[in-house]
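Raw contents of entry.cif, mmCIF, C-alpha atoms:
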data_protein
#
loop_
_atom_site.group_PDB
_atom_site.id
_atom_site.type_symbol
_atom_site.label_atom_id
_atom_site.label_comp_id
_atom_site.auth_asym_id
_atom_site.auth_seq_id
_atom_site.Cartn_x
_atom_site.Cartn_y
_atom_site.Cartn_z
ATOM 1 C CA MET A 1 20.016 -2.901 9.186
ATOM 2 C CA SER A 2 19.000 -6.158 7.540
ATOM 3 C CA GLU A 3 19.762 -6.670 3.856
ATOM 4 C CA TYR A 4 16.149 -6.488 2.709
ATOM 5 C CA LEU A 5 15.640 -3.162 4.477
ATOM 6 C CA ARG A 6 18.860 -1.727 3.076
ATOM 7 C CA LEU A 7 18.104 -2.770 -0.494
ATOM 8 C CA ASN A 8 14.452 -1.830 -0.445
ATOM 9 C CA ARG A 9 15.038 1.535 1.203
ATOM 10 C CA ALA A 10 17.682 2.443 -1.374
ATOM 11 C CA GLN A 11 15.201 1.597 -4.125
ATOM 12 C CA TRP A 12 12.449 3.763 -2.622
ATOM 13 C CA ASP A 13 14.823 6.614 -1.786
ATOM 14 C CA GLU A 14 15.916 6.794 -5.409
ATOM 15 C CA ARG A 15 12.416 6.575 -6.871
ATOM 16 C CA ALA A 16 10.617 8.970 -4.522
ATOM 17 C CA PRO A 17 11.600 12.185 -6.376
ATOM 18 C CA ALA A 18 10.638 10.613 -9.716
ATOM 19 C CA HIS A 19 7.279 9.575 -8.294
ATOM 20 C CA ALA A 20 6.642 13.061 -6.908
ATOM 21 C CA ALA A 21 7.471 14.587 -10.293
ATOM 22 C CA SER A 22 5.326 12.154 -12.285
ATOM 23 C CA ALA A 23 1.943 12.741 -13.863
ATOM 24 C CA GLY A 24 0.771 9.506 -12.268
ATOM 25 C CA TYR A 25 0.865 10.900 -8.743
ATOM 26 C CA GLY A 26 -0.349 14.345 -9.872
ATOM 27 C CA VAL A 27 1.156 16.179 -6.917
ATOM 28 C CA GLY A 28 0.335 19.537 -8.501
ATOM 29 C CA ARG A 29 -3.373 18.792 -8.406
ATOM 30 C CA PHE A 30 -3.264 18.486 -4.624
ATOM 31 C CA VAL A 31 -1.744 21.959 -4.399
ATOM 32 C CA GLU A 32 -4.061 23.572 -6.950
ATOM 33 C CA ASP A 33 -7.297 22.040 -5.649
ATOM 34 C CA PRO A 34 -7.754 21.914 -1.852
ATOM 35 C CA ALA A 35 -10.528 19.307 -2.281
ATOM 36 C CA HIS A 36 -8.517 16.936 -4.492
ATOM 37 C CA LEU A 37 -8.152 13.346 -3.251
ATOM 38 C CA SER A 38 -5.950 10.502 -4.442
ATOM 39 C CA ASP A 39 -7.475 7.924 -6.772
ATOM 40 C CA VAL A 40 -6.980 5.233 -4.122
ATOM 41 C CA ILE A 41 -8.879 7.128 -1.428
ATOM 42 C CA ARG A 42 -11.625 8.167 -3.861
ATOM 43 C CA PHE A 43 -12.166 4.533 -4.864
ATOM 44 C CA ASP A 44 -12.655 3.395 -1.279
ATOM 45 C CA ARG A 45 -14.377 6.465 0.123
ATOM 46 C CA PRO A 46 -17.811 4.747 0.329
ATOM 47 C CA ARG A 47 -16.208 1.889 2.285
ATOM 48 C CA LEU A 48 -13.959 4.102 4.390
ATOM 49 C CA GLY A 49 -16.870 6.037 5.864
ATOM 50 C CA ASP A 50 -16.611 9.138 8.025
ATOM 51 C CA VAL A 51 -13.078 9.684 9.374
ATOM 52 C CA ARG A 52 -13.592 13.217 10.704
ATOM 53 C CA GLY A 53 -11.825 13.698 14.012
ATOM 54 C CA LEU A 54 -10.233 10.250 13.994
ATOM 55 C CA ARG A 55 -6.614 9.886 14.998
ATOM 56 C CA ALA A 56 -5.116 7.967 12.090
ATOM 57 C CA VAL A 57 -1.743 6.553 11.120
ATOM 58 C CA HIS A 58 -0.854 5.727 7.523
ATOM 59 C CA LEU A 59 1.742 2.954 7.557
ATOM 60 C CA GLN A 60 4.197 2.841 4.622
ATOM 61 C CA CYS A 61 2.895 6.211 3.451
ATOM 62 C CA HIS A 62 5.526 6.831 0.710
ATOM 63 C CA ILE A 63 5.166 10.404 -0.665
ATOM 64 C CA GLY A 64 1.965 11.074 1.234
ATOM 65 C CA THR A 65 -0.795 11.522 -1.338
ATOM 66 C CA ASP A 66 -3.134 9.101 0.439
ATOM 67 C CA THR A 67 -2.059 10.592 3.775
ATOM 68 C CA LEU A 68 -3.005 14.075 2.619
ATOM 69 C CA SER A 69 -6.302 12.722 1.302
ATOM 70 C CA LEU A 70 -7.173 11.275 4.719
ATOM 71 C CA TYR A 71 -6.314 14.640 6.268
ATOM 72 C CA ARG A 72 -8.661 16.357 3.811
ATOM 73 C CA LEU A 73 -11.440 14.013 4.864
ATOM 74 C CA GLY A 74 -11.007 15.277 8.415
ATOM 75 C CA ALA A 75 -8.670 12.777 10.074
ATOM 76 C CA ARG A 76 -5.755 13.810 12.301
ATOM 77 C CA VAL A 77 -3.051 11.917 10.456
ATOM 78 C CA THR A 78 0.467 10.690 11.087
ATOM 79 C CA GLY A 79 2.408 9.207 8.170
ATOM 80 C CA LEU A 80 5.119 6.590 8.736
ATOM 81 C CA ASP A 81 7.694 5.335 6.242
ATOM 82 C CA PHE A 82 11.236 3.961 6.304
ATOM 83 C CA SER A 83 12.412 6.033 3.325
ATOM 84 C CA PRO A 84 13.754 9.490 4.232
ATOM 85 C CA ALA A 85 13.539 10.621 0.614
ATOM 86 C CA SER A 86 9.875 9.611 0.456
ATOM 87 C CA LEU A 87 9.161 11.491 3.683
ATOM 88 C CA ALA A 88 10.931 14.574 2.336
ATOM 89 C CA GLU A 89 8.520 14.566 -0.604
ATOM 90 C CA ALA A 90 5.551 13.935 1.704
ATOM 91 C CA ARG A 91 6.510 16.834 3.992
ATOM 92 C CA ALA A 92 7.016 19.106 0.999
ATOM 93 C CA LEU A 93 3.581 18.222 -0.359
ATOM 94 C CA ALA A 94 1.909 18.769 3.018
ATOM 95 C CA GLY A 95 3.646 22.116 3.324
ATOM 96 C CA ARG A 96 2.567 23.265 -0.129
ATOM 97 C CA ALA A 97 -0.982 22.112 0.582
ATOM 98 C CA GLY A 98 -1.120 23.763 4.011
ATOM 99 C CA ALA A 99 -1.776 20.464 5.790
ATOM 100 C CA ASP A 100 -0.774 19.792 9.396
ATOM 101 C CA ILE A 101 0.511 16.226 9.081
ATOM 102 C CA ASP A 102 3.189 14.571 11.219
ATOM 103 C CA TYR A 103 5.630 12.300 9.439
ATOM 104 C CA VAL A 104 7.796 9.739 11.219
ATOM 105 C CA GLU A 105 10.732 7.787 9.765
ATOM 106 C CA SER A 106 10.627 4.145 10.821
ATOM 107 C CA ASP A 107 10.505 0.579 9.630
ATOM 108 C CA VAL A 108 6.880 -0.504 9.964
ATOM 109 C CA TYR A 109 7.793 -3.264 12.414
ATOM 110 C CA ALA A 110 9.218 -0.626 14.777
ATOM 111 C CA ALA A 111 6.122 1.592 14.604
ATOM 112 C CA PRO A 112 4.993 0.790 18.190
ATOM 113 C CA ASP A 113 8.424 1.963 19.408
ATOM 114 C CA VAL A 114 8.156 5.408 17.796
ATOM 115 C CA LEU A 115 4.383 5.985 18.026
ATOM 116 C CA GLU A 116 2.097 5.824 21.039
ATOM 117 C CA PRO A 117 0.645 2.312 21.278
ATOM 118 C CA GLY A 118 -3.096 1.966 21.693
ATOM 119 C CA SER A 119 -3.783 5.551 20.635
ATOM 120 C CA PHE A 120 -5.064 5.335 17.054
ATOM 121 C CA ASP A 121 -8.663 5.126 15.894
ATOM 122 C CA LEU A 122 -7.594 4.158 12.371
ATOM 123 C CA VAL A 123 -4.610 2.338 10.915
ATOM 124 C CA TYR A 124 -4.550 2.799 7.152
ATOM 125 C CA THR A 125 -2.415 0.977 4.594
ATOM 126 C CA GLY A 126 -2.573 1.617 0.851
ATOM 127 C CA VAL A 127 -1.848 -0.323 -2.292
ATOM 128 C CA GLY A 128 1.516 -2.021 -2.739
ATOM 129 C CA ALA A 129 2.682 -2.089 0.876
ATOM 130 C CA LEU A 130 2.497 -5.607 2.294
ATOM 131 C CA CYS A 131 4.696 -7.209 -0.369
ATOM 132 C CA TRP A 132 7.718 -5.449 1.183
ATOM 133 C CA LEU A 133 7.248 -7.196 4.551
ATOM 134 C CA PRO A 134 8.661 -10.675 5.246
ATOM 135 C CA ASP A 135 6.299 -11.652 8.077
ATOM 136 C CA ILE A 136 2.577 -10.885 7.964
ATOM 137 C CA HIS A 137 2.087 -11.991 11.584
ATOM 138 C CA ARG A 138 4.557 -9.359 12.808
ATOM 139 C CA TRP A 139 2.676 -6.774 10.752
ATOM 140 C CA ALA A 140 -0.658 -7.791 12.291
ATOM 141 C CA ALA A 141 0.880 -7.459 15.755
ATOM 142 C CA VAL A 142 1.964 -3.902 14.896
ATOM 143 C CA VAL A 143 -1.558 -3.022 13.753
ATOM 144 C CA ALA A 144 -3.058 -4.412 16.968
ATOM 145 C CA ALA A 145 -0.496 -2.603 19.089
ATOM 146 C CA LEU A 146 -1.251 0.782 17.510
ATOM 147 C CA LEU A 147 -5.051 0.582 17.615
ATOM 148 C CA ARG A 148 -7.104 1.622 20.596
ATOM 149 C CA PRO A 149 -9.898 -0.772 21.615
ATOM 150 C CA GLY A 150 -12.654 -0.345 19.050
ATOM 151 C CA GLY A 151 -10.251 1.162 16.514
ATOM 152 C CA ARG A 152 -10.053 -0.211 12.998
ATOM 153 C CA LEU A 153 -7.644 -1.215 10.296
ATOM 154 C CA PHE A 154 -8.467 -0.218 6.728
ATOM 155 C CA ILE A 155 -6.416 -1.513 3.835
ATOM 156 C CA ARG A 156 -6.652 -1.697 0.072
ATOM 157 C CA GLU A 157 -3.931 -3.877 -1.367
ATOM 158 C CA GLY A 158 -2.833 -5.780 -4.424
ATOM 159 C CA HIS A 159 -4.387 -9.230 -4.417
ATOM 160 C CA PRO A 160 -2.003 -12.123 -3.707
ATOM 161 C CA MET A 161 -3.324 -13.856 -6.830
ATOM 162 C CA LEU A 162 -2.107 -10.893 -8.882
ATOM 163 C CA TRP A 163 1.336 -11.107 -7.266
ATOM 164 C CA SER A 164 1.526 -14.824 -8.142
ATOM 165 C CA VAL A 165 0.971 -14.274 -11.882
ATOM 166 C CA ASP A 166 3.776 -14.253 -14.469
ATOM 167 C CA GLU A 167 2.734 -12.291 -17.545
ATOM 168 C CA THR A 168 6.082 -12.501 -19.356
ATOM 169 C CA ARG A 169 5.740 -15.888 -21.123
ATOM 170 C CA GLY A 170 5.291 -14.337 -24.548
ATOM 171 C CA ASP A 171 2.363 -16.549 -25.559
ATOM 172 C CA GLY A 172 -0.398 -14.348 -24.166
ATOM 173 C CA VAL A 173 -1.032 -16.634 -21.193
ATOM 174 C CA LEU A 174 -1.269 -15.339 -17.623
ATOM 175 C CA ALA A 175 0.352 -18.173 -15.697
ATOM 176 C CA VAL A 176 0.352 -18.717 -11.930
ATOM 177 C CA HIS A 177 4.081 -18.983 -11.340
ATOM 178 C CA PHE A 178 5.195 -17.166 -8.180
ATOM 179 C CA PRO A 179 4.360 -18.208 -4.608
ATOM 180 C CA TYR A 180 0.877 -17.378 -3.396
ATOM 181 C CA PHE A 181 1.695 -18.229 0.214
ATOM 182 C CA GLU A 182 4.283 -16.476 2.355
ATOM 183 C CA GLN A 183 7.735 -18.019 2.055
ATOM 184 C CA GLU A 184 10.737 -17.504 4.300
ATOM 185 C CA ALA A 185 13.015 -16.702 1.356
ATOM 186 C CA PRO A 186 12.233 -13.496 -0.533
ATOM 187 C CA LEU A 187 11.549 -13.071 -4.200
ATOM 188 C CA VAL A 188 14.616 -11.170 -5.408
ATOM 189 C CA TRP A 189 13.996 -8.741 -8.254
ATOM 190 C CA ASP A 190 16.434 -6.685 -10.320
ATOM 191 C CA ASP A 191 14.256 -4.150 -12.133
ATOM 192 C CA GLY A 192 15.371 -0.743 -13.356
ATOM 193 C CA THR A 193 11.828 0.505 -13.973
ATOM 194 C CA THR A 194 9.080 1.849 -11.730
ATOM 195 C CA TYR A 195 5.298 1.997 -11.888
ATOM 196 C CA VAL A 196 5.061 5.602 -13.150
ATOM 197 C CA GLU A 197 6.234 7.026 -16.453
ATOM 198 C CA THR A 198 9.642 8.648 -16.045
ATOM 199 C CA GLU A 199 12.829 9.134 -18.005
ATOM 200 C CA VAL A 200 15.002 8.747 -14.900
ATOM 201 C CA LYS A 201 17.587 5.953 -15.099
ATOM 202 C CA PHE A 202 17.746 4.164 -11.761
ATOM 203 C CA VAL A 203 20.751 2.376 -10.273
ATOM 204 C CA ASN A 204 19.271 0.902 -7.059
ATOM 205 C CA ASN A 205 17.218 -1.837 -8.649
ATOM 206 C CA VAL A 206 17.504 -4.978 -6.486
ATOM 207 C CA THR A 207 14.597 -5.548 -4.100
ATOM 208 C CA HIS A 208 13.338 -8.290 -1.794
ATOM 209 C CA GLN A 209 9.603 -8.976 -1.728
ATOM 210 C CA TRP A 210 7.153 -11.508 -0.272
ATOM 211 C CA ASN A 211 3.639 -12.571 -1.076
ATOM 212 C CA HIS A 212 1.045 -13.259 1.636
ATOM 213 C CA GLY A 213 -2.067 -15.307 0.970
ATOM 214 C CA LEU A 214 -5.409 -13.700 1.729
ATOM 215 C CA GLY A 215 -6.139 -16.359 4.337
ATOM 216 C CA GLU A 216 -2.755 -15.759 5.967
ATOM 217 C CA ILE A 217 -3.490 -12.038 6.253
ATOM 218 C CA VAL A 218 -6.941 -12.575 7.740
ATOM 219 C CA THR A 219 -5.720 -15.288 10.117
ATOM 220 C CA ALA A 220 -2.871 -13.086 11.336
ATOM 221 C CA LEU A 221 -5.296 -10.265 12.161
ATOM 222 C CA LEU A 222 -7.744 -12.618 13.892
ATOM 223 C CA GLY A 223 -4.859 -13.988 15.935
ATOM 224 C CA GLU A 224 -4.111 -10.494 17.223
ATOM 225 C CA GLY A 225 -7.650 -9.950 18.486
ATOM 226 C CA LEU A 226 -9.124 -8.108 15.519
ATOM 227 C CA GLU A 227 -12.556 -8.876 14.075
ATOM 228 C CA LEU A 228 -12.976 -8.881 10.307
ATOM 229 C CA THR A 229 -15.748 -6.470 9.303
ATOM 230 C CA MET A 230 -15.188 -6.176 5.535
ATOM 231 C CA LEU A 231 -13.434 -8.097 2.795
ATOM 232 C CA GLN A 232 -14.161 -7.167 -0.801
ATOM 233 C CA GLU A 233 -12.182 -8.398 -3.800
ATOM 234 C CA HIS A 234 -11.994 -6.158 -6.855
ATOM 235 C CA ASP A 235 -11.352 -6.884 -10.521
ATOM 236 C CA SER A 236 -9.441 -3.583 -10.845
ATOM 237 C CA CYS A 237 -6.435 -1.759 -9.446
ATOM 238 C CA PRO A 238 -5.188 1.854 -9.603
ATOM 239 C CA TRP A 239 -2.102 1.182 -11.712
ATOM 240 C CA ASP A 240 -1.434 -0.921 -14.812
ATOM 241 C CA PRO A 241 -0.297 -4.240 -13.305
ATOM 242 C CA LEU A 242 -0.211 -6.378 -16.448
ATOM 243 C CA PRO A 243 0.690 -4.199 -19.455
ATOM 244 C CA GLY A 244 -0.699 -5.639 -22.650
ATOM 245 C CA PHE A 245 -3.455 -7.494 -20.797
ATOM 246 C CA THR A 246 -5.296 -4.598 -19.149
ATOM 247 C CA VAL A 247 -7.261 -1.492 -20.066
ATOM 248 C CA GLY A 248 -7.824 1.637 -18.011
ATOM 249 C CA ASP A 249 -11.084 3.409 -17.244
ATOM 250 C CA GLU A 250 -11.936 7.061 -16.642
ATOM 251 C CA HIS A 251 -11.301 6.669 -12.902
ATOM 252 C CA GLY A 252 -7.712 5.483 -13.270
ATOM 253 C CA GLU A 253 -8.564 1.845 -12.547
ATOM 254 C CA TYR A 254 -7.229 -1.005 -14.727
ATOM 255 C CA ARG A 255 -8.898 -4.338 -15.501
ATOM 256 C CA LEU A 256 -8.168 -7.317 -17.703
ATOM 257 C CA ALA A 257 -9.283 -6.432 -21.215
ATOM 258 C CA ALA A 258 -10.608 -9.958 -21.763
ATOM 259 C CA ARG A 259 -12.854 -11.572 -19.170
ATOM 260 C CA PRO A 260 -11.855 -9.494 -16.129
ATOM 261 C CA GLU A 261 -13.874 -11.819 -13.906
ATOM 262 C CA ARG A 262 -10.994 -14.336 -14.122
ATOM 263 C CA LEU A 263 -8.599 -12.577 -11.769
ATOM 264 C CA PRO A 264 -8.947 -10.424 -8.625
ATOM 265 C CA LEU A 265 -6.457 -7.563 -8.804
ATOM 266 C CA THR A 266 -6.993 -5.850 -5.441
ATOM 267 C CA TYR A 267 -9.014 -6.209 -2.263
ATOM 268 C CA THR A 268 -10.323 -3.923 0.466
ATOM 269 C CA LEU A 269 -10.192 -5.215 4.033
ATOM 270 C CA GLN A 270 -11.401 -3.718 7.281
ATOM 271 C CA ALA A 271 -10.944 -5.179 10.750
ATOM 272 C CA ARG A 272 -11.787 -3.798 14.184
ATOM 273 C CA LYS A 273 -9.903 -4.278 17.443
ATOM 274 C CA ARG A 274 -12.119 -5.756 20.107
ATOM 275 C CA SER A 275 -13.118 -3.278 22.815
ATOM 276 C CA HIS A 276 -12.956 -5.822 25.621
#

Using structure tokens, write down the structure from this file.
Amino acid sequence: MSEYLRLNRAQWDERAPAHAASAGYGVGRFVEDPAHLSDVIRFDRPRLGDVRGLRAVHLQCHIGTDTLSLYRLGARVTGLDFSPASLAEARALAGRAGADIDYVESDVYAAPDVLEPGSFDLVYTGVGALCWLPDIHRWAAVVAALLRPGGRLFIREGHPMLWSVDETRGDGVLAVHFPYFEQEAPLVWDDGTTYVETEVKFVNNVTHQWNHGLGEIVTALLGEGLELTMLQEHDSCPWDPLPGFTVGDEHGEYRLAARPERLPLTYTLQARKRSH
């Protein structure tokens, strides 16, 4: 196993139980209310359209809240993730919710080796996934390999402009500091926190991450024979990305408190595999 996979998997394995226990993920609400959907899926439901009866795969599914939400919208879903601890939480949630969801442990780049290529109507990827992958072209090839002709990719993701911002200067300035474009060398982080509120003290804190420019992502998909059918940039995201600079709304979305039109925080992209 390469170093980035080893480090990143250890980080996710350790944080998965804390995420499942957090108020932020609200796992209990999925069990109590059979119609409950994740904030991420609810946000994009008008763009996602009707998924009833579609065979779908959720790449980098983590603890499976978005996966379960797709299932509740009528899709036949498989979740894939490289973290066994995350999949344990996802399987437990599906079991408690009475959902028939298959979960597969795999690095996303190996997905065509463990899933049936060309058999999925929908490849779904949620927020905060692509930054863990070193090569966006390899990812696009995986998406193309999994989709049947006419099938589609649907992704909501953190905007690469957001990932390039350094908010830690101390003078109240949001400065573009980190690479916008994909680099061969990773950004190496040593961070003992996580994006939900928890009192757990973590020990696996070193991660390797990469940014990918929006044009690089689109170009990679076009190069694999997909046609872009939607690209919308949003001034909000479903977690607090820049504490001290952002405010939340009643839907769980966060925006810059001052002049939110300055910075895209997420985007929604859809692309379809050509049928010929």

Subject >> 10 Å contact set for Val206 in chain A, all atoms listed in the file, chain neighbours under 3 positions out, as a VMD selection string >> reply: chain A and resid 4 7 to 8 10 to 11 188 to 192 203

Handout entry: Answer key for the PyMOL selection byres ((chain A and resi 146) around 10), residues as a VMD selection string
Key = chain A and resid 56 to 57 111 to 113 115 to 123 141 to 145 147 to 149 151 to 153

Practice item. Please tell me which residues are no farther than 12 Å from (-9.4, -18.3, 10.1) in the file, counting only C-alpha atoms, and write them as a PyMOL selection string. Key: chain A and resi 214-228

Notebook entry, point to check: Quick one, how far is CA of Arg9 in chain A from CA of Gly128 in chain A?
Noted result: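 That distance, rounded to one decimal, is 14.5 Å.
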
Since I can't run it myself right now, could you work out what the PyMOL selection byres ((chain A and resi 100) around 10) selects here and report it as a PDB file with C-alpha atoms, keeping the file's coordinate frame?
ATOM      1  CA  LEU A  68      -3.005  14.075   2.619  1.00  0.00           C
ATOM      2  CA  TYR A  71      -6.314  14.640   6.268  1.00  0.00           C
ATOM      3  CA  ARG A  76      -5.755  13.810  12.301  1.00  0.00           C
ATOM      4  CA  VAL A  77      -3.051  11.917  10.456  1.00  0.00           C
ATOM      5  CA  THR A  78       0.467  10.690  11.087  1.00  0.00           C
ATOM      6  CA  ARG A  91       6.510  16.834   3.992  1.00  0.00           C
ATOM      7  CA  ALA A  94       1.909  18.769   3.018  1.00  0.00           C
ATOM      8  CA  GLY A  95       3.646  22.116   3.324  1.00  0.00           C
ATOM      9  CA  ALA A  97      -0.982  22.112   0.582  1.00  0.00           C
ATOM     10  CA  GLY A  98      -1.120  23.763   4.011  1.00  0.00           C
ATOM     11  CA  ALA A  99      -1.776  20.464   5.790  1.00  0.00           C
ATOM     12  CA  ILE A 101       0.511  16.226   9.081  1.00  0.00           C
ATOM     13  CA  ASP A 102       3.189  14.571  11.219  1.00  0.00           C
ATOM     14  CA  TYR A 103       5.630  12.300   9.439  1.00  0.00           C
TER      15      TYR A 103
END

Taking the file as shown, find all residues satisfying the PyMOL selection byres ((chain A and resi 184) around 10) and write them as a PDB file with C-alpha atoms, in the frame of the given file.
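Heads up, here's the output in selection20.pdb:
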ATOM      1  CA  PRO A 134       8.661 -10.675   5.246  1.00  0.00           C
ATOM      2  CA  ASP A 135       6.299 -11.652   8.077  1.00  0.00           C
ATOM      3  CA  PHE A 181       1.695 -18.229   0.214  1.00  0.00           C
ATOM      4  CA  GLU A 182       4.283 -16.476   2.355  1.00  0.00           C
ATOM      5  CA  GLN A 183       7.735 -18.019   2.055  1.00  0.00           C
ATOM      6  CA  ALA A 185      13.015 -16.702   1.356  1.00  0.00           C
ATOM      7  CA  PRO A 186      12.233 -13.496  -0.533  1.00  0.00           C
ATOM      8  CA  LEU A 187      11.549 -13.071  -4.200  1.00  0.00           C
ATOM      9  CA  TRP A 210       7.153 -11.508  -0.272  1.00  0.00           C
TER      10      TRP A 210
END

If you count only C-alpha atoms, the residue of A:Trp163, A:Leu73, A:Ala21, A:Glu14 closest to Leu48 in chain A turns out to be A:Leu73

Checklist line | Neighbour residues at most 9 Å from (2.5, -3.7, 10.3) (all atoms listed in the file) as a ChimeraX atom specification | finding: /A:59-60,108-111,125,130,133,136-144

Check your understanding: Closest to Arg15 in chain A among A:Val31, A:Leu37, A:Ala258, A:Ala85, using all atoms listed in the file?
Key ->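 Answer, going by the shortest atom-to-atom distance: A:Ala85.
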
Nearest-residue call for Gly49 in chain A, choices A:His234, A:Gly158, A:Ala75, A:Ser83, using all atoms listed in the file: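 Ranked by minimum distance to Gly49 in chain A, first place goes to A:Ala75.
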
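Separating CA of Glu253 in chain A from CA of Asp171 in chain A is a distance of 25.0 Å.
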
* To do: Please indicate the distance in Å from CA of Ser236 in chain A to CA of Arg255 in chain A, rounded to one decimal place.
  =>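 CA of Arg255 in chain A lies 4.7 Å from CA of Ser236 in chain A.
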
Of A:Pro84, A:Leu263, A:Glu233, A:Leu269, the one sitting nearest Thr246 in chain A when using all atoms listed in the file is A:Leu263

The residue from A:Ser275, A:Thr198, A:Ser22, A:Ser69 with the smallest atom-to-atom distance to Phe43 in chain A, counting only C-alpha atoms, is A:Ser69

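Of the residues under consideration (A:Thr207, A:Met1, A:Val247, A:Gly26), A:Val247 shows the shortest atom-to-atom contact distance to Arg259 in chain A when counting all atoms listed in the file.
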
Within 10 Å of Thr65 in chain A using only C-alpha atoms, minus same-chain residues under 3 positions, as a ChimeraX atom specification
/A:20,25-27,30,36-41,61-62,68-71,89-90,93-94

Enclose all atoms of range 24-29 of chain A listed in the file in an axis-aligned box, grow every side by 3 Å, and hand back centre and edge lengths in Å to one decimal, as JSON.
{"center_x": -1.1, "center_y": 14.5, "center_z": -9.6, "size_x": 10.5, "size_y": 16.0, "size_z": 11.4}

Please produce range 123-135 of chain A, completed to N, CA, C and O atoms, as a tab-separated table (two decimals), keeping the file's coordinate frame.
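Just written: selection_15.tsv:
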chain	number	residue	atom	x	y	z
A	123	VAL	N	-5.87	2.67	11.58
A	123	VAL	CA	-4.61	2.34	10.92
A	123	VAL	C	-4.94	2.11	9.45
A	123	VAL	O	-5.79	1.27	9.12
A	124	TYR	N	-4.27	2.87	8.59
A	124	TYR	CA	-4.55	2.80	7.15
A	124	TYR	C	-3.30	2.32	6.42
A	124	TYR	O	-2.18	2.74	6.73
A	125	THR	N	-3.50	1.43	5.46
A	125	THR	CA	-2.42	0.98	4.59
A	125	THR	C	-2.92	0.94	3.17
A	125	THR	O	-4.01	0.42	2.90
A	126	GLY	N	-2.16	1.51	2.24
A	126	GLY	CA	-2.57	1.62	0.85
A	126	GLY	C	-1.98	0.53	-0.03
A	126	GLY	O	-1.33	-0.41	0.43
A	127	VAL	N	-2.20	0.70	-1.31
A	127	VAL	CA	-1.85	-0.32	-2.29
A	127	VAL	C	-0.33	-0.48	-2.42
A	127	VAL	O	0.41	0.50	-2.46
A	128	GLY	N	0.11	-1.74	-2.48
A	128	GLY	CA	1.52	-2.02	-2.74
A	128	GLY	C	2.41	-1.93	-1.54
A	128	GLY	O	3.60	-1.63	-1.66
A	129	ALA	N	1.90	-2.22	-0.35
A	129	ALA	CA	2.68	-2.09	0.88
A	129	ALA	C	3.12	-3.43	1.46
A	129	ALA	O	4.28	-3.60	1.84
A	130	LEU	N	2.20	-4.38	1.54
A	130	LEU	CA	2.50	-5.61	2.29
A	130	LEU	C	3.55	-6.48	1.63
A	130	LEU	O	4.21	-7.27	2.31
A	131	CYS	N	3.73	-6.36	0.32
A	131	CYS	CA	4.70	-7.21	-0.37
A	131	CYS	C	6.13	-6.92	0.05
A	131	CYS	O	7.04	-7.71	-0.24
A	132	TRP	N	6.36	-5.81	0.74
A	132	TRP	CA	7.72	-5.45	1.18
A	132	TRP	C	8.04	-6.00	2.57
A	132	TRP	O	9.14	-5.78	3.08
A	133	LEU	N	7.09	-6.71	3.18
A	133	LEU	CA	7.25	-7.20	4.55
A	133	LEU	C	7.40	-8.71	4.56
A	133	LEU	O	6.60	-9.42	3.97
A	134	PRO	N	8.41	-9.23	5.27
A	134	PRO	CA	8.66	-10.68	5.25
A	134	PRO	C	7.72	-11.49	6.12
A	134	PRO	O	7.61	-12.70	5.92
A	135	ASP	N	7.05	-10.88	7.09
A	135	ASP	CA	6.30	-11.65	8.08
A	135	ASP	C	4.97	-10.96	8.33
A	135	ASP	O	4.91	-9.91	8.98
